[in-house]
Amino acid sequence: TAKLKSITGLNVFIVDEAEEFTDEKDFNTIDESIRMPDIPNIVILVMNPQSVEHWIWKRWFEKSHKMEVINGVQVPISTSPYITHIHTTYLDNKQNLSQDYIDKIDNLQKENKEAYEHRFLGKWLDKKQGVIYPNWVEGEFDSSLPFAYGLDFGFYPDPLALIKVAVDKGAKKIYVHEVIYEQNLSYEMVLSKVKHLVATNDMIIADTSEPRLIQAMQSQGIYVIKTEKYAGSVVDGIRLINDFQLVVTPESYNMKYELRNYIWNDKKASIPLDMDNHGADALRYASVKLLEGSDLLAYN
């Protein structure tokens with residue numbers, strides 16, 4: 001981008017596969033260098049829509065779009081005054097496609113509706129493909145249920161995540177609320193925040209990576225125990241949680257981000273990608289403990 005920024009005499013900038021342009025700052029640097037006087041300056045982005053976490057969605061779609069029906073499916077079209085959105089699909093070019101190719105698309109429509117709508121109709125994804133926890137909705141936390149807190153330690157650049165979790169075994173629902181999700185917290189700050197936000201008798205199930213901090217928390221009367229870890233414990237916990245629907249509070253923004261982006265690195269081998277998972281790990285610690293059943297669970 002530094003070299004492109006220094007180029008003069010350009011009034012048109014075309015980006016193919018713009019979904020791979022993941023850094024909005026880099027885009028801005030180039031966009032601001034297209035500044036020829038007295039003629040139109042144009043930036044053209046050619047792309048396939050990705051997930052709603054992409055900066056292009058947030059910048060030009062999130063707060064300014066209308067829904068247009070394409071082949072029976074509602075697809076968002078940007079109404080931002082700053083862009084002209086031209087949306088095309090294979091349906092606009094069907095006469096130039098082979099029958100074999102069209103048959104493949106028709107089969108995908110029958111077998112995987114979500115993939116068809118995304119890949120061939122241009123519908124933005126609510127989550128990345130291959131997410132680990134696909135079954136979740138927004139909703140209020142059910143405070144009548146037994147609950148516990150999951151705590152995943154994170155020190156810069158990783159965030160510390162404290163997640164409140166309640167389980168309704170009968171309804172097969174797990175309720176999730178983000179309490180803390182912050183970077184660069186010192187031991188003292190963690191202790192202060194947790195003591196302020198968590199009642200004395202409420203149980204916290206914590207990551208095992210910070211035994212000294214756990215000991216310090218316990219010495220200050222915070223009810224915290226270590227999560228159980230063993231070979232395969234991560235995947236076992238994921239499978240257990242996936243038998244339930246997650247209900248995530250609307251204000252749990254970072255938790256929702258993780259649920260949209262925490263994906264399998266190799267699904268067949270049951271290997272999660274170790275990214276976007278601090279809240280998800282905290283959720284797992286608490287959920288597994290609650291689903292195991294215990295006389296030590298907290299109640300409102």
# chains A, B, ... in the order shown; residues from 1 in each chain; ligands from 1

call {"tool": "residues_around", "arguments": {"residues": "Phe61 (chain A)", "least_positions_apart": "3", "cutoff": "9 Å", "atoms": "only C-alpha atoms", "output": "PyMOL selection string"}}
result
chain A and resi 52+56-58+64-66+76-80

call {"tool": "residues_around", "arguments": {"residues": "Leu191 (chain A)", "least_positions_apart": "2", "cutoff": "10 Å", "atoms": "only C-alpha atoms", "output": "list in words"}}
result
Leu185, Ser186, Tyr187, Glu188, Met189, Lys193, Val194, Lys195, His196, Leu213, Ile214, Ala216, Met217, Gln218, Gln220 and Ile222 of chain A

call {"tool": "write_last_selection", "arguments": {"atoms": "N, CA and C atoms", "output": "compact mmCIF listing (two decimals), in the first residue's frame"}}
result
# COMPACT_ATOMS: atom_id res chain seq x y z
N LEU A 185 -5.35 -6.67 31.15
CA LEU A 185 -5.73 -6.50 32.56
C LEU A 185 -4.62 -7.06 33.45
N SER A 186 -4.21 -6.30 34.43
CA SER A 186 -3.23 -6.77 35.40
C SER A 186 -3.90 -7.72 36.39
N TYR A 187 -3.10 -8.44 37.19
CA TYR A 187 -3.66 -9.31 38.22
C TYR A 187 -4.59 -8.52 39.13
N GLU A 188 -4.13 -7.33 39.53
CA GLU A 188 -4.92 -6.51 40.45
C GLU A 188 -6.25 -6.10 39.83
N MET A 189 -6.23 -5.77 38.56
CA MET A 189 -7.46 -5.37 37.88
C MET A 189 -8.43 -6.54 37.75
N LYS A 193 -12.15 -6.50 39.42
CA LYS A 193 -13.33 -6.63 38.57
C LYS A 193 -14.17 -7.84 38.95
N VAL A 194 -13.50 -8.98 39.16
CA VAL A 194 -14.24 -10.20 39.48
C VAL A 194 -14.94 -10.06 40.83
N LYS A 195 -14.26 -9.50 41.83
CA LYS A 195 -14.89 -9.32 43.14
C LYS A 195 -16.10 -8.39 43.05
N HIS A 196 -16.02 -7.41 42.17
CA HIS A 196 -17.12 -6.45 42.02
C HIS A 196 -18.31 -7.06 41.27
N LEU A 213 -2.79 -16.79 39.81
CA LEU A 213 -3.93 -15.89 39.86
C LEU A 213 -5.14 -16.58 40.47
N ILE A 214 -5.32 -17.85 40.17
CA ILE A 214 -6.42 -18.61 40.78
C ILE A 214 -6.23 -18.65 42.29
N ALA A 216 -4.60 -16.51 44.12
CA ALA A 216 -4.84 -15.16 44.65
C ALA A 216 -6.33 -14.88 44.75
N MET A 217 -7.09 -15.32 43.79
CA MET A 217 -8.54 -15.14 43.82
C MET A 217 -9.15 -15.90 44.99
N GLN A 218 -8.71 -17.14 45.16
CA GLN A 218 -9.23 -17.95 46.26
C GLN A 218 -8.88 -17.34 47.61
N GLN A 220 -8.73 -14.34 48.33
CA GLN A 220 -9.59 -13.18 48.57
C GLN A 220 -11.07 -13.57 48.67
N ILE A 222 -12.88 -15.50 46.62
CA ILE A 222 -13.61 -15.75 45.37
C ILE A 222 -13.70 -17.26 45.16

call {"tool": "select_by_dssp", "arguments": {"residues": "region 141-240 of chain A", "states": "strand (DSSP E or B)", "output": "PyMOL selection string"}}
result
chain A and resi 147-152+159-168+173-183+204-206+224-226

call {"tool": "write_last_selection", "arguments": {"atoms": "N, CA and C atoms", "output": "mmCIF file, in the first residue's frame"}}
result
data_model
loop_
_atom_site.group_PDB
_atom_site.id
_atom_site.type_symbol
_atom_site.label_atom_id
_atom_site.label_comp_id
_atom_site.auth_asym_id
_atom_site.auth_seq_id
_atom_site.Cartn_x
_atom_site.Cartn_y
_atom_site.Cartn_z
ATOM 1 N N PHE A 147 -26.695 -21.355 37.586
ATOM 2 C CA PHE A 147 -25.698 -20.740 36.717
ATOM 3 C C PHE A 147 -24.301 -20.866 37.308
ATOM 4 N N ALA A 148 -23.340 -20.644 36.473
ATOM 5 C CA ALA A 148 -21.938 -20.582 36.889
ATOM 6 C C ALA A 148 -21.224 -19.657 35.919
ATOM 7 N N TYR A 149 -19.988 -19.319 36.254
ATOM 8 C CA TYR A 149 -19.182 -18.458 35.386
ATOM 9 C C TYR A 149 -18.006 -19.253 34.832
ATOM 10 N N GLY A 150 -17.712 -19.036 33.576
ATOM 11 C CA GLY A 150 -16.491 -19.575 32.986
ATOM 12 C C GLY A 150 -15.486 -18.448 32.833
ATOM 13 N N LEU A 151 -14.224 -18.724 33.134
ATOM 14 C CA LEU A 151 -13.189 -17.689 33.074
ATOM 15 C C LEU A 151 -12.008 -18.195 32.253
ATOM 16 N N ASP A 152 -11.733 -17.498 31.155
ATOM 17 C CA ASP A 152 -10.561 -17.803 30.335
ATOM 18 C C ASP A 152 -9.581 -16.647 30.471
ATOM 19 N N PRO A 159 -7.650 -11.368 25.043
ATOM 20 C CA PRO A 159 -8.571 -10.842 26.053
ATOM 21 C C PRO A 159 -8.839 -11.848 27.163
ATOM 22 N N LEU A 160 -9.154 -11.327 28.332
ATOM 23 C CA LEU A 160 -9.702 -12.150 29.405
ATOM 24 C C LEU A 160 -11.211 -12.181 29.229
ATOM 25 N N ALA A 161 -11.794 -13.368 29.328
ATOM 26 C CA ALA A 161 -13.239 -13.505 29.136
ATOM 27 C C ALA A 161 -13.876 -14.149 30.358
ATOM 28 N N LEU A 162 -14.857 -13.467 30.926
ATOM 29 C CA LEU A 162 -15.676 -14.011 32.007
ATOM 30 C C LEU A 162 -17.100 -14.100 31.475
ATOM 31 N N ILE A 163 -17.622 -15.319 31.378
ATOM 32 C CA ILE A 163 -18.913 -15.564 30.753
ATOM 33 C C ILE A 163 -19.850 -16.236 31.754
ATOM 34 N N LYS A 164 -21.047 -15.683 31.914
ATOM 35 C CA LYS A 164 -22.065 -16.267 32.784
ATOM 36 C C LYS A 164 -22.903 -17.247 31.972
ATOM 37 N N VAL A 165 -23.112 -18.432 32.535
ATOM 38 C CA VAL A 165 -23.779 -19.504 31.796
ATOM 39 C C VAL A 165 -24.848 -20.154 32.668
ATOM 40 N N ALA A 166 -26.010 -20.396 32.090
ATOM 41 C CA ALA A 166 -27.075 -21.151 32.751
ATOM 42 C C ALA A 166 -27.569 -22.224 31.798
ATOM 43 N N VAL A 167 -27.982 -23.358 32.357
ATOM 44 C CA VAL A 167 -28.401 -24.490 31.528
ATOM 45 C C VAL A 167 -29.824 -24.896 31.870
ATOM 46 N N ASP A 168 -30.646 -25.033 30.835
ATOM 47 C CA ASP A 168 -31.985 -25.604 30.967
ATOM 48 C C ASP A 168 -31.949 -26.958 30.268
ATOM 49 N N LYS A 173 -31.388 -25.893 26.304
ATOM 50 C CA LYS A 173 -30.885 -24.555 26.011
ATOM 51 C C LYS A 173 -29.785 -24.179 26.999
ATOM 52 N N ILE A 174 -28.782 -23.478 26.500
ATOM 53 C CA ILE A 174 -27.724 -22.913 27.330
ATOM 54 C C ILE A 174 -27.770 -21.402 27.159
ATOM 55 N N TYR A 175 -27.921 -20.692 28.269
ATOM 56 C CA TYR A 175 -27.998 -19.228 28.237
ATOM 57 C C TYR A 175 -26.607 -18.647 28.498
ATOM 58 N N VAL A 176 -26.270 -17.617 27.736
ATOM 59 C CA VAL A 176 -24.897 -17.093 27.737
ATOM 60 C C VAL A 176 -24.922 -15.573 27.867
ATOM 61 N N HIS A 177 -24.121 -15.056 28.814
ATOM 62 C CA HIS A 177 -24.013 -13.604 28.976
ATOM 63 C C HIS A 177 -22.558 -13.219 29.210
ATOM 64 N N GLU A 178 -22.081 -12.289 28.415
ATOM 65 C CA GLU A 178 -20.703 -11.794 28.518
ATOM 66 C C GLU A 178 -20.609 -10.789 29.664
ATOM 67 N N VAL A 179 -19.746 -11.082 30.639
ATOM 68 C CA VAL A 179 -19.576 -10.209 31.804
ATOM 69 C C VAL A 179 -18.318 -9.358 31.660
ATOM 70 N N ILE A 180 -17.208 -9.988 31.328
ATOM 71 C CA ILE A 180 -15.949 -9.274 31.071
ATOM 72 C C ILE A 180 -15.349 -9.820 29.779
ATOM 73 N N TYR A 181 -14.863 -8.927 28.946
ATOM 74 C CA TYR A 181 -14.105 -9.318 27.747
ATOM 75 C C TYR A 181 -13.156 -8.162 27.462
ATOM 76 N N GLU A 182 -11.956 -8.246 28.069
ATOM 77 C CA GLU A 182 -11.029 -7.111 28.003
ATOM 78 C C GLU A 182 -9.592 -7.581 27.852
ATOM 79 N N GLN A 183 -8.797 -6.737 27.230
ATOM 80 C CA GLN A 183 -7.373 -6.995 27.063
ATOM 81 C C GLN A 183 -6.565 -6.238 28.112
ATOM 82 N N ILE A 204 -16.981 -19.960 39.874
ATOM 83 C CA ILE A 204 -16.243 -19.671 38.642
ATOM 84 C C ILE A 204 -15.404 -20.894 38.295
ATOM 85 N N ILE A 205 -15.517 -21.341 37.050
ATOM 86 C CA ILE A 205 -14.666 -22.430 36.563
ATOM 87 C C ILE A 205 -13.637 -21.799 35.640
ATOM 88 N N ALA A 206 -12.374 -21.907 36.015
ATOM 89 C CA ALA A 206 -11.329 -21.127 35.348
ATOM 90 C C ALA A 206 -10.359 -21.995 34.561
ATOM 91 N N VAL A 224 -13.541 -20.036 43.122
ATOM 92 C CA VAL A 224 -13.051 -20.389 41.795
ATOM 93 C C VAL A 224 -12.390 -21.755 41.837
ATOM 94 N N ILE A 225 -12.694 -22.584 40.850
ATOM 95 C CA ILE A 225 -12.071 -23.897 40.730
ATOM 96 C C ILE A 225 -11.501 -24.034 39.320
ATOM 97 N N LYS A 226 -10.538 -24.924 39.168
ATOM 98 C CA LYS A 226 -9.925 -25.140 37.857
ATOM 99 C C LYS A 226 -10.805 -26.054 37.011
#

call {"tool": "closest_residue", "arguments": {"among": "A:Ala280, A:Leu240, A:Val137, A:Leu291", "to": "Gly170 (chain A)", "atoms": "only C-alpha atoms"}}
result
A:Leu291

call {"tool": "atom_distance", "arguments": {"atom1": "CA of Ile238 (chain A)", "atom2": "CA of Arg284 (chain A)"}}
result
7.0 Å

call {"tool": "select_by_dssp", "arguments": {"residues": "region 97-227 of chain A", "states": "alpha helix (DSSP H)", "output": "MDAnalysis selection string"}}
result
chainID A and resid 99:111 113:121 187:197 211:219

call {"tool": "residues_around", "arguments": {"residues": "Ser270 (chain A)", "least_positions_apart": "6", "cutoff": "12 Å", "atoms": "only C-alpha atoms", "output": "VMD selection string"}}
result
chain A and resid 130 132 232 to 239 263 to 264

call {"tool": "closest_residue", "arguments": {"among": "A:Asn261, A:Ile30, A:Gly154, A:Asp106", "to": "Ser209 (chain A)", "atoms": "only C-alpha atoms"}}
result
A:Gly154

call {"tool": "residues_around", "arguments": {"residues": "Gln50 (chain A)", "least_positions_apart": "2", "cutoff": "7 Å", "atoms": "only C-alpha atoms", "output": "PDB file with N, CA and C atoms, in the first residue's frame"}}
result
ATOM      1  N   GLU A  19     -13.220  -9.298  -1.105  1.00  0.00           N
ATOM      2  CA  GLU A  19     -13.442  -9.913   0.206  1.00  0.00           C
ATOM      3  C   GLU A  19     -12.135 -10.298   0.878  1.00  0.00           C
ATOM      4  N   ASN A  48     -17.388 -11.490  -3.698  1.00  0.00           N
ATOM      5  CA  ASN A  48     -18.443 -12.378  -3.226  1.00  0.00           C
ATOM      6  C   ASN A  48     -18.666 -12.064  -1.756  1.00  0.00           C
ATOM      7  N   VAL A  52     -20.999 -11.184   8.035  1.00  0.00           N
ATOM      8  CA  VAL A  52     -21.358  -9.824   8.441  1.00  0.00           C
ATOM      9  C   VAL A  52     -20.308  -9.204   9.356  1.00  0.00           C
ATOM     10  N   HIS A  54     -17.274  -8.790   8.233  1.00  0.00           N
ATOM     11  CA  HIS A  54     -16.342  -8.141   7.305  1.00  0.00           C
ATOM     12  C   HIS A  54     -16.575  -6.634   7.305  1.00  0.00           C
ATOM     13  N   TRP A 124     -25.154 -12.551   2.405  1.00  0.00           N
ATOM     14  CA  TRP A 124     -24.101 -12.449   3.418  1.00  0.00           C
ATOM     15  C   TRP A 124     -24.348 -13.486   4.510  1.00  0.00           C
ATOM     16  N   LEU A 125     -23.258 -14.046   5.037  1.00  0.00           N
ATOM     17  CA  LEU A 125     -23.363 -15.047   6.087  1.00  0.00           C
ATOM     18  C   LEU A 125     -23.463 -14.387   7.453  1.00  0.00           C
TER      19      LEU A 125
END

call {"tool": "closest_residue", "arguments": {"among": "A:Lys172, A:His278, A:Arg35, A:Lys25", "to": "Asp158 (chain A)", "atoms": "only C-alpha atoms"}}
result
A:His278

call {"tool": "atom_distance", "arguments": {"atom1": "CA of Glu62 (chain A)", "atom2": "CA of Pro272 (chain A)"}}
result
28.9 Å

call {"tool": "decode", "arguments": {"residues": "region 223-240 of chain A", "atoms": "N, CA and C atoms", "output": "CSV table (one decimal), in the first residue's frame"}}
result
chain,number,residue,atom,x,y,z
A,223,TYR,N,-14.9,-17.7,44.9
A,223,TYR,CA,-15.1,-19.2,44.7
A,223,TYR,C,-14.8,-19.6,43.3
A,224,VAL,N,-13.5,-20.0,43.1
A,224,VAL,CA,-13.1,-20.4,41.8
A,224,VAL,C,-12.4,-21.8,41.8
A,225,ILE,N,-12.7,-22.6,40.9
A,225,ILE,CA,-12.1,-23.9,40.7
A,225,ILE,C,-11.5,-24.0,39.3
A,226,LYS,N,-10.5,-24.9,39.2
A,226,LYS,CA,-9.9,-25.1,37.9
A,226,LYS,C,-10.8,-26.1,37.0
A,227,THR,N,-10.9,-25.8,35.7
A,227,THR,CA,-11.6,-26.7,34.8
A,227,THR,C,-10.7,-27.9,34.7
A,228,GLU,N,-11.4,-29.0,34.3
A,228,GLU,CA,-10.7,-30.3,34.1
A,228,GLU,C,-10.3,-30.4,32.7
A,229,LYS,N,-9.0,-30.6,32.5
A,229,LYS,CA,-8.4,-30.7,31.2
A,229,LYS,C,-7.8,-32.1,31.0
A,230,TYR,N,-8.0,-32.7,29.8
A,230,TYR,CA,-7.4,-34.0,29.5
A,230,TYR,C,-7.3,-34.1,28.0
A,231,ALA,N,-6.6,-35.0,27.4
A,231,ALA,CA,-6.6,-35.2,26.0
A,231,ALA,C,-8.0,-35.4,25.4
A,232,GLY,N,-8.4,-34.5,24.6
A,232,GLY,CA,-9.7,-34.6,24.0
A,232,GLY,C,-10.8,-33.8,24.7
A,233,SER,N,-10.4,-33.2,25.8
A,233,SER,CA,-11.5,-32.5,26.6
A,233,SER,C,-12.1,-31.3,25.9
A,234,VAL,N,-11.4,-30.7,25.0
A,234,VAL,CA,-12.0,-29.6,24.2
A,234,VAL,C,-13.1,-30.1,23.3
A,235,VAL,N,-12.8,-31.1,22.5
A,235,VAL,CA,-13.8,-31.6,21.6
A,235,VAL,C,-14.9,-32.3,22.3
A,236,ASP,N,-14.7,-32.9,23.4
A,236,ASP,CA,-15.8,-33.5,24.2
A,236,ASP,C,-16.7,-32.4,24.7
A,237,GLY,N,-16.1,-31.3,25.2
A,237,GLY,CA,-17.0,-30.2,25.6
A,237,GLY,C,-17.8,-29.6,24.5
A,238,ILE,N,-17.2,-29.4,23.3
A,238,ILE,CA,-17.9,-28.9,22.2
A,238,ILE,C,-19.0,-29.7,21.8
A,239,ARG,N,-18.8,-31.1,21.7
A,239,ARG,CA,-19.9,-32.0,21.4
A,239,ARG,C,-21.0,-31.9,22.4
A,240,LEU,N,-20.7,-31.8,23.6
A,240,LEU,CA,-21.7,-31.7,24.7
A,240,LEU,C,-22.6,-30.5,24.5
